Every structure is written in C-alpha cells, then in structure tokens.
Amino acid sequence: MSAELLRMDNYLAQSPTQRARANSGGAATQVIDPVMLASLDEAWAEGEPDLVVELIDLYLGDAPQWVDAMRTAAAGNDARVLKRAAHTLKGSSGSLGIAQVAEACRMLELNCSESAARVDELFQQLDREFATARAALAAERMRRVA
Amino acid sequence: LRVLIAEDDVVSRRILETILRKWGHEVVTTLDGEEAWQAMREPDAPALAILDVMMPEVDGLEVCRRVRELSGATPPYIILLTAKHGARAIVDGMEAGADDYLIKPYDRDELRARVQVGVRIVELQTRLAGRVRELEGALEHVKQLQGILPICSYCKKIRGDSDYWQTVESYIADHSEAEFSHGICPNCYETTVQDQLASFRASLEPVV
C-alpha cells in the first residue's frame with residue numbers, strides 16, 4: 001500500500017471526533033468548536049432529527065433571555081441575577097462548543113460584584129461575542145438543513 | 001435503567017438526555033431541583049439520578065440531602081454534575097449524600113464509565129434487597145416455631161394459636177415447610193410394639 005493510501009486508510013478508520021480534531025488546526029479562531037460539533041454528531045442517534053440543529057434552535061431560543069437578563073442586571077448592579085444568568089449561559093455555550101461566549105460568561109460570573117464600569121466592560125465583550133456566535137450558529141444551521 | 005436528570009440549562013439537558021438514551025437508558029427529565037425532588041419521592045422513582053449542583057431554588061446538594069432522608073429498600077445512586085472545582089466542592093457533594101461527582105465540561109466516556117458503576121451498584125442493591133426479603137419471609141416461619149409452646153404432658157398435643165390442641169406433627173406441618181413420614185424407632189419397638197405384636201399373634205392362635 002502506498003504512503004498516500006495508508007494515510008487515507010488511517011483517516012477513514014477515525015471517528016468523526018478524531019477527524020475533526022485532526023482537521024481543526026485553526027479551531028481556536030473558529031466560533032463553534034468543530035471537535036464539539038463532531039462529538040455531538042457522534043451522540044446523534046440514527047433516524048432522529050439532526051441533534052446539532054435541534055441544539056442550535058434550543059440555544060438561540062433560550063440564550064437571548066439570559067443576555068437580556070445580564071444587560072438589565074449589569075445596568076442595575078444586581079450581582080446575584082448577573083451571576084446566575086452568566087452561569088447558565090456559560091453552561092449552554094460550553095455544551096455547544098461556543099468557547100468565546102462561555103469564557104465571556106465565566107468572566108462576568110467571576111467579576112459580578114466588581115465596579116459598574118468593569119461589569120459593563122465585560123458585558124459589552126459578552127454582547128459582541130454573542131452576536132458573532134449567533135451569526136455563526138445560524139450559518140451552521142443553514143448549512144445542515146440545506 | 002431509569003435515570004433521572006436534573007439540569008436547568010436547556011442545551012446541556014438535551015445533550016445529556018440524548019446520550020443516556022443512546023446508551024439504552026430510560027430518561028426522566030426534570031428542569032430544576034424542586035421537580036427532581038418531587039420525582040425522587042414517587043414510589044417508582046428512578047434508581048439513578050444525575051443532578052446539576054447549581055440550580056435555582058432547590059440546588060442539587062439539597063435534593064441529595066432530602067433523598068437520603070427517605071427510607072427505601074434501595075436508595076438511588078446519585079451523581080452530581082457541576083462546574084465547581086476543588087476538593088471542598090467534592091467533599092460538600094459527598095457529605096450531602098452523593099455517590100459520585102463529575103466536573104463540567106465532562107468527558108463523555110468518563111460519564112459512561114461512572115454511570116456504569118452506578119448501574120452495577122443499583123443492580124447489586126436490588127439483588128441484595130430481594131435476598132433480604134426472602135430471608136425475612138423465611139425468618140417469619142422460624143419465629144413461629146420459636147418461643148414457648150404449651151404441650152400436653154400426657155398425649156404431647158400442642159395448644160395452637162387459636163387454643164386448639166393439635167398433634168405435634170400437625171402443628172409443625174402447619175407452621176413450617178416440613179412433611180412427615182411415619183415409622184417406629186427401635187426403643188418404641190422394643191418397649192411397646194414387640195409386646196403388642198406378641199399379643200396379636202397370641203390372639204390369632206386357635207384355642208385348643
């Protein structure tokens with residue numbers, strides 16, 4: 001077997017997660033972690049609707065309320081609500097492989113009792129990351145249902 | 001196995017539900033601690049529960065504590081799932097009554113291995129509870145044959161539960177799984193039966 005064929009054979013023997021990991025050289029710059037998406041595809045049961053599409057729909061239906069809650073809490077210096085909303089959005093963002101949003105939420109959760117200026121700065125960061133993630137998720141959804 | 005999950009985050013909950021179903025479990029989904037607590041109080045409550053720690057109102061630790069206060073033959077196996085790190089968080093979870101603890105984001109293979117441990121423990125507990133029930137049933141019989149039994153000094157009948165005098169063999173047969181086959185011991189043969197047989201033979205001989 002030639003070296004090229006051997007490489008192809010090894011590639012095909014890999015699971016979707018392993019392939020995604022091998023192909024994700026630029027994963028750090030991607031909004032949705034391809035390894036996480038492949039791992040979710042592995043969890044998908046044959047005959048069921050696309051799990052990732054369902055999760056994107058759930059996320060896009062649920063996340064905006066937490067972002068709004070954080071916006072209100074940040075403006076009103078309500079550290080308790082801010083922490084709670086940041087914690088929940090951190091969880092769902094991490095589960096879907098949206099690392100930048102998860103990280104921005106982690107920072108808000110950690111610094112929820114800091115000065116209003118610091119909290120606002122962190123919230124603005126989250127808001128930007130969320131807008132980017134929202135667009136990326138919509139594109140991923142479109143790609144999958146097409 | 002029936003597995004309860006309690007997770008307030010909709011995405012994480014759906015993922016957990018999907019993978020547990022794929023592994024062949026029947027999943028009972030709850031959205032917060034209060035709902036989980038209500039489900040765990042039911043007579044047919046799931047044998048294994050995976051609880052998120054940070055949930056509004058009633059958190060996972062509180063659900064653990066309440067479930068452990070319930071008296072049941074087979075207490076459920078509880079795995080806590082949380083983003084909290086550190087030894088203190090693990091100790092708090094175990095002290096609240098959790099059997100295991102997994103930190104988010106969790107590795108799916110690790111979750112499967114830990115759920116399998118839970119399944120083994122639940123199956124073992126169920127078998128042991130079955131054995132205990134069998135032994136308790138057997139013990140009931142043993143108890144009935146223990147204690148002070150009034151027995152007639154002459155005919156050896158026993159006074160039974162409703163003041164009725166029964167032969168020893170009838171009493172024992174009623175209160176145990178024992179059955180009797182009748183015979184004659186050597187001593188009775190020598191002292192009683194031999195004489196009776198001799199008298200009987202004599203009675204058969206023709207009178208001269």
# chains A, B, ... in the order shown; residues from 1 in each chain; ligands from 1
>>> interface_residues(of="chain A", to="chain B", cutoff="9 Å", atoms="only C-alpha atoms", output="list in words")
Leu40, Ala43, Trp44, Ala45, Leu51, Leu55, Ile56, Leu58, Tyr59, Asp62, Arg84, His87, Thr88, Leu89, Gly91, Ser92, Ser93, Gly94, Ser95 and Leu96 of chain A
>>> residues_around(residues="region 45-53 of chain B", least_positions_apart="5", cutoff="9 Å", atoms="only C-alpha atoms", output="MDAnalysis selection string")
chainID B and resid 1:8 27:28 32:33 36 39:40 59:64 74:84 93 115 118:119 122
>>> write_last_selection(atoms="C-alpha atoms", output="compact mmCIF listing (two decimals), in the first residue's frame")
# COMPACT_ATOMS: atom_id res chain seq x y z
CA LEU B 1 -32.17 1.54 33.76
CA ARG B 2 -34.43 4.51 34.58
CA VAL B 3 -32.20 7.55 35.02
CA LEU B 4 -33.35 10.93 36.28
CA ILE B 5 -31.58 14.06 35.11
CA ALA B 6 -31.98 17.47 36.70
CA GLU B 7 -30.44 20.29 34.70
CA ASP B 8 -31.78 23.82 34.31
CA VAL B 27 -34.56 9.04 30.92
CA VAL B 28 -36.78 11.05 33.27
CA ASP B 32 -34.87 22.08 38.34
CA GLY B 33 -34.23 20.81 41.84
CA ALA B 36 -36.28 16.42 40.66
CA ALA B 39 -39.87 12.76 41.05
CA MET B 40 -37.49 11.10 43.51
CA ASP B 59 -30.00 23.03 44.30
CA GLY B 60 -28.52 19.59 43.63
CA LEU B 61 -26.97 19.31 47.11
CA GLU B 62 -30.33 19.94 48.76
CA VAL B 63 -32.03 17.33 46.54
CA CYS B 64 -29.31 14.87 47.63
CA THR B 74 -32.90 0.50 47.53
CA PRO B 75 -31.63 4.08 47.85
CA PRO B 76 -30.89 5.69 44.47
CA TYR B 77 -27.36 6.13 43.13
CA ILE B 78 -26.66 9.86 42.78
CA ILE B 79 -24.08 11.50 40.54
CA LEU B 80 -23.55 15.24 40.91
CA LEU B 81 -22.65 17.17 37.78
CA THR B 82 -21.21 20.61 38.27
CA ALA B 83 -18.84 23.29 37.11
CA LYS B 84 -17.48 23.68 40.66
CA GLY B 93 -21.28 16.87 47.47
CA VAL B 115 -22.97 5.66 35.02
CA GLY B 118 -23.97 3.28 39.23
CA VAL B 119 -25.86 0.64 37.25
CA VAL B 122 -28.10 -0.42 41.73
>>> residues_around(residues="Arg80 (chain A)", least_positions_apart="4", cutoff="12 Å", atoms="only C-alpha atoms", output="ChimeraX atom specification")
/A:69-70,72-74,76,84-87,108-113 /B:56
>>> write_last_selection(atoms="C-alpha atoms", output="PDB file, in the first residue's frame")
ATOM      1  CA  ALA A  69     -31.188  39.479  31.943  1.00  0.00           C
ATOM      2  CA  MET A  70     -27.460  40.233  32.179  1.00  0.00           C
ATOM      3  CA  THR A  72     -30.600  44.602  32.925  1.00  0.00           C
ATOM      4  CA  ALA A  73     -28.644  43.226  35.892  1.00  0.00           C
ATOM      5  CA  ALA A  74     -25.428  44.959  34.787  1.00  0.00           C
ATOM      6  CA  GLY A  76     -28.945  47.825  37.822  1.00  0.00           C
ATOM      7  CA  ARG A  84     -26.984  33.342  37.836  1.00  0.00           C
ATOM      8  CA  ALA A  85     -27.569  34.353  34.186  1.00  0.00           C
ATOM      9  CA  ALA A  86     -23.850  34.235  33.380  1.00  0.00           C
ATOM     10  CA  HIS A  87     -23.552  30.782  34.938  1.00  0.00           C
ATOM     11  CA  LEU A 108     -18.858  38.020  34.199  1.00  0.00           C
ATOM     12  CA  GLU A 109     -19.733  35.325  36.718  1.00  0.00           C
ATOM     13  CA  LEU A 110     -16.375  35.766  38.448  1.00  0.00           C
ATOM     14  CA  ASN A 111     -16.490  39.571  38.431  1.00  0.00           C
ATOM     15  CA  CYS A 112     -20.204  40.145  39.004  1.00  0.00           C
ATOM     16  CA  SER A 113     -19.521  42.201  42.141  1.00  0.00           C
TER      17      SER A 113
ATOM     18  CA  PRO B  56     -32.394  27.859  41.187  1.00  0.00           C
TER      19      PRO B  56
END
>>> residues_around(residues="Val31 (chain A)", least_positions_apart="5", cutoff="8 Å", atoms="only C-alpha atoms", output="VMD selection string")
chain A and resid 98 to 100 132 to 133 136
>>> closest_residue(among="A:Cys105, A:Ala138, A:Ala146, A:Ala131", to="Pro64 (chain A)", atoms="only C-alpha atoms")
A:Ala131
>>> closest_residue(among="A:Met107, A:Ala38, A:Val81, A:Leu60", to="Gln124 (chain A)", atoms="only C-alpha atoms")
A:Met107
>>> select_by_dssp(residues="region 110-181 of chain B", states="alpha helix (DSSP H)", output="PyMOL selection string")
chain B and resi 110-144+168-175
>>> residues_around(residues="Cys155 (chain B)", least_positions_apart="6", cutoff="12 Å", atoms="only C-alpha atoms", output="short mmCIF file (atom, residue, chain, number, x, y, z; two decimals) with N, CA and C atoms, in the first residue's frame")
data_model
loop_
_atom_site.label_atom_id
_atom_site.label_comp_id
_atom_site.auth_asym_id
_atom_site.auth_seq_id
_atom_site.Cartn_x
_atom_site.Cartn_y
_atom_site.Cartn_z
N TRP B 165 -56.07 -27.84 70.42
CA TRP B 165 -54.96 -28.79 70.68
C TRP B 165 -54.71 -29.64 69.43
N GLN B 166 -53.45 -29.60 68.96
CA GLN B 166 -53.10 -30.33 67.74
C GLN B 166 -52.00 -31.34 68.05
N THR B 167 -51.96 -32.40 67.23
CA THR B 167 -50.83 -33.33 67.39
C THR B 167 -49.55 -32.59 66.99
N VAL B 168 -48.44 -33.06 67.51
CA VAL B 168 -47.16 -32.39 67.24
C VAL B 168 -46.91 -32.30 65.73
#
>>> atom_distance(atom1="CA of Glu46 (chain A)", atom2="CA of Glu123 (chain B)")
29.1 Å
>>> closest_residue(among="A:Asp120, A:Glu129, A:Glu114, A:Asp41", to="Ala79 (chain A)", atoms="only C-alpha atoms")
A:Glu114
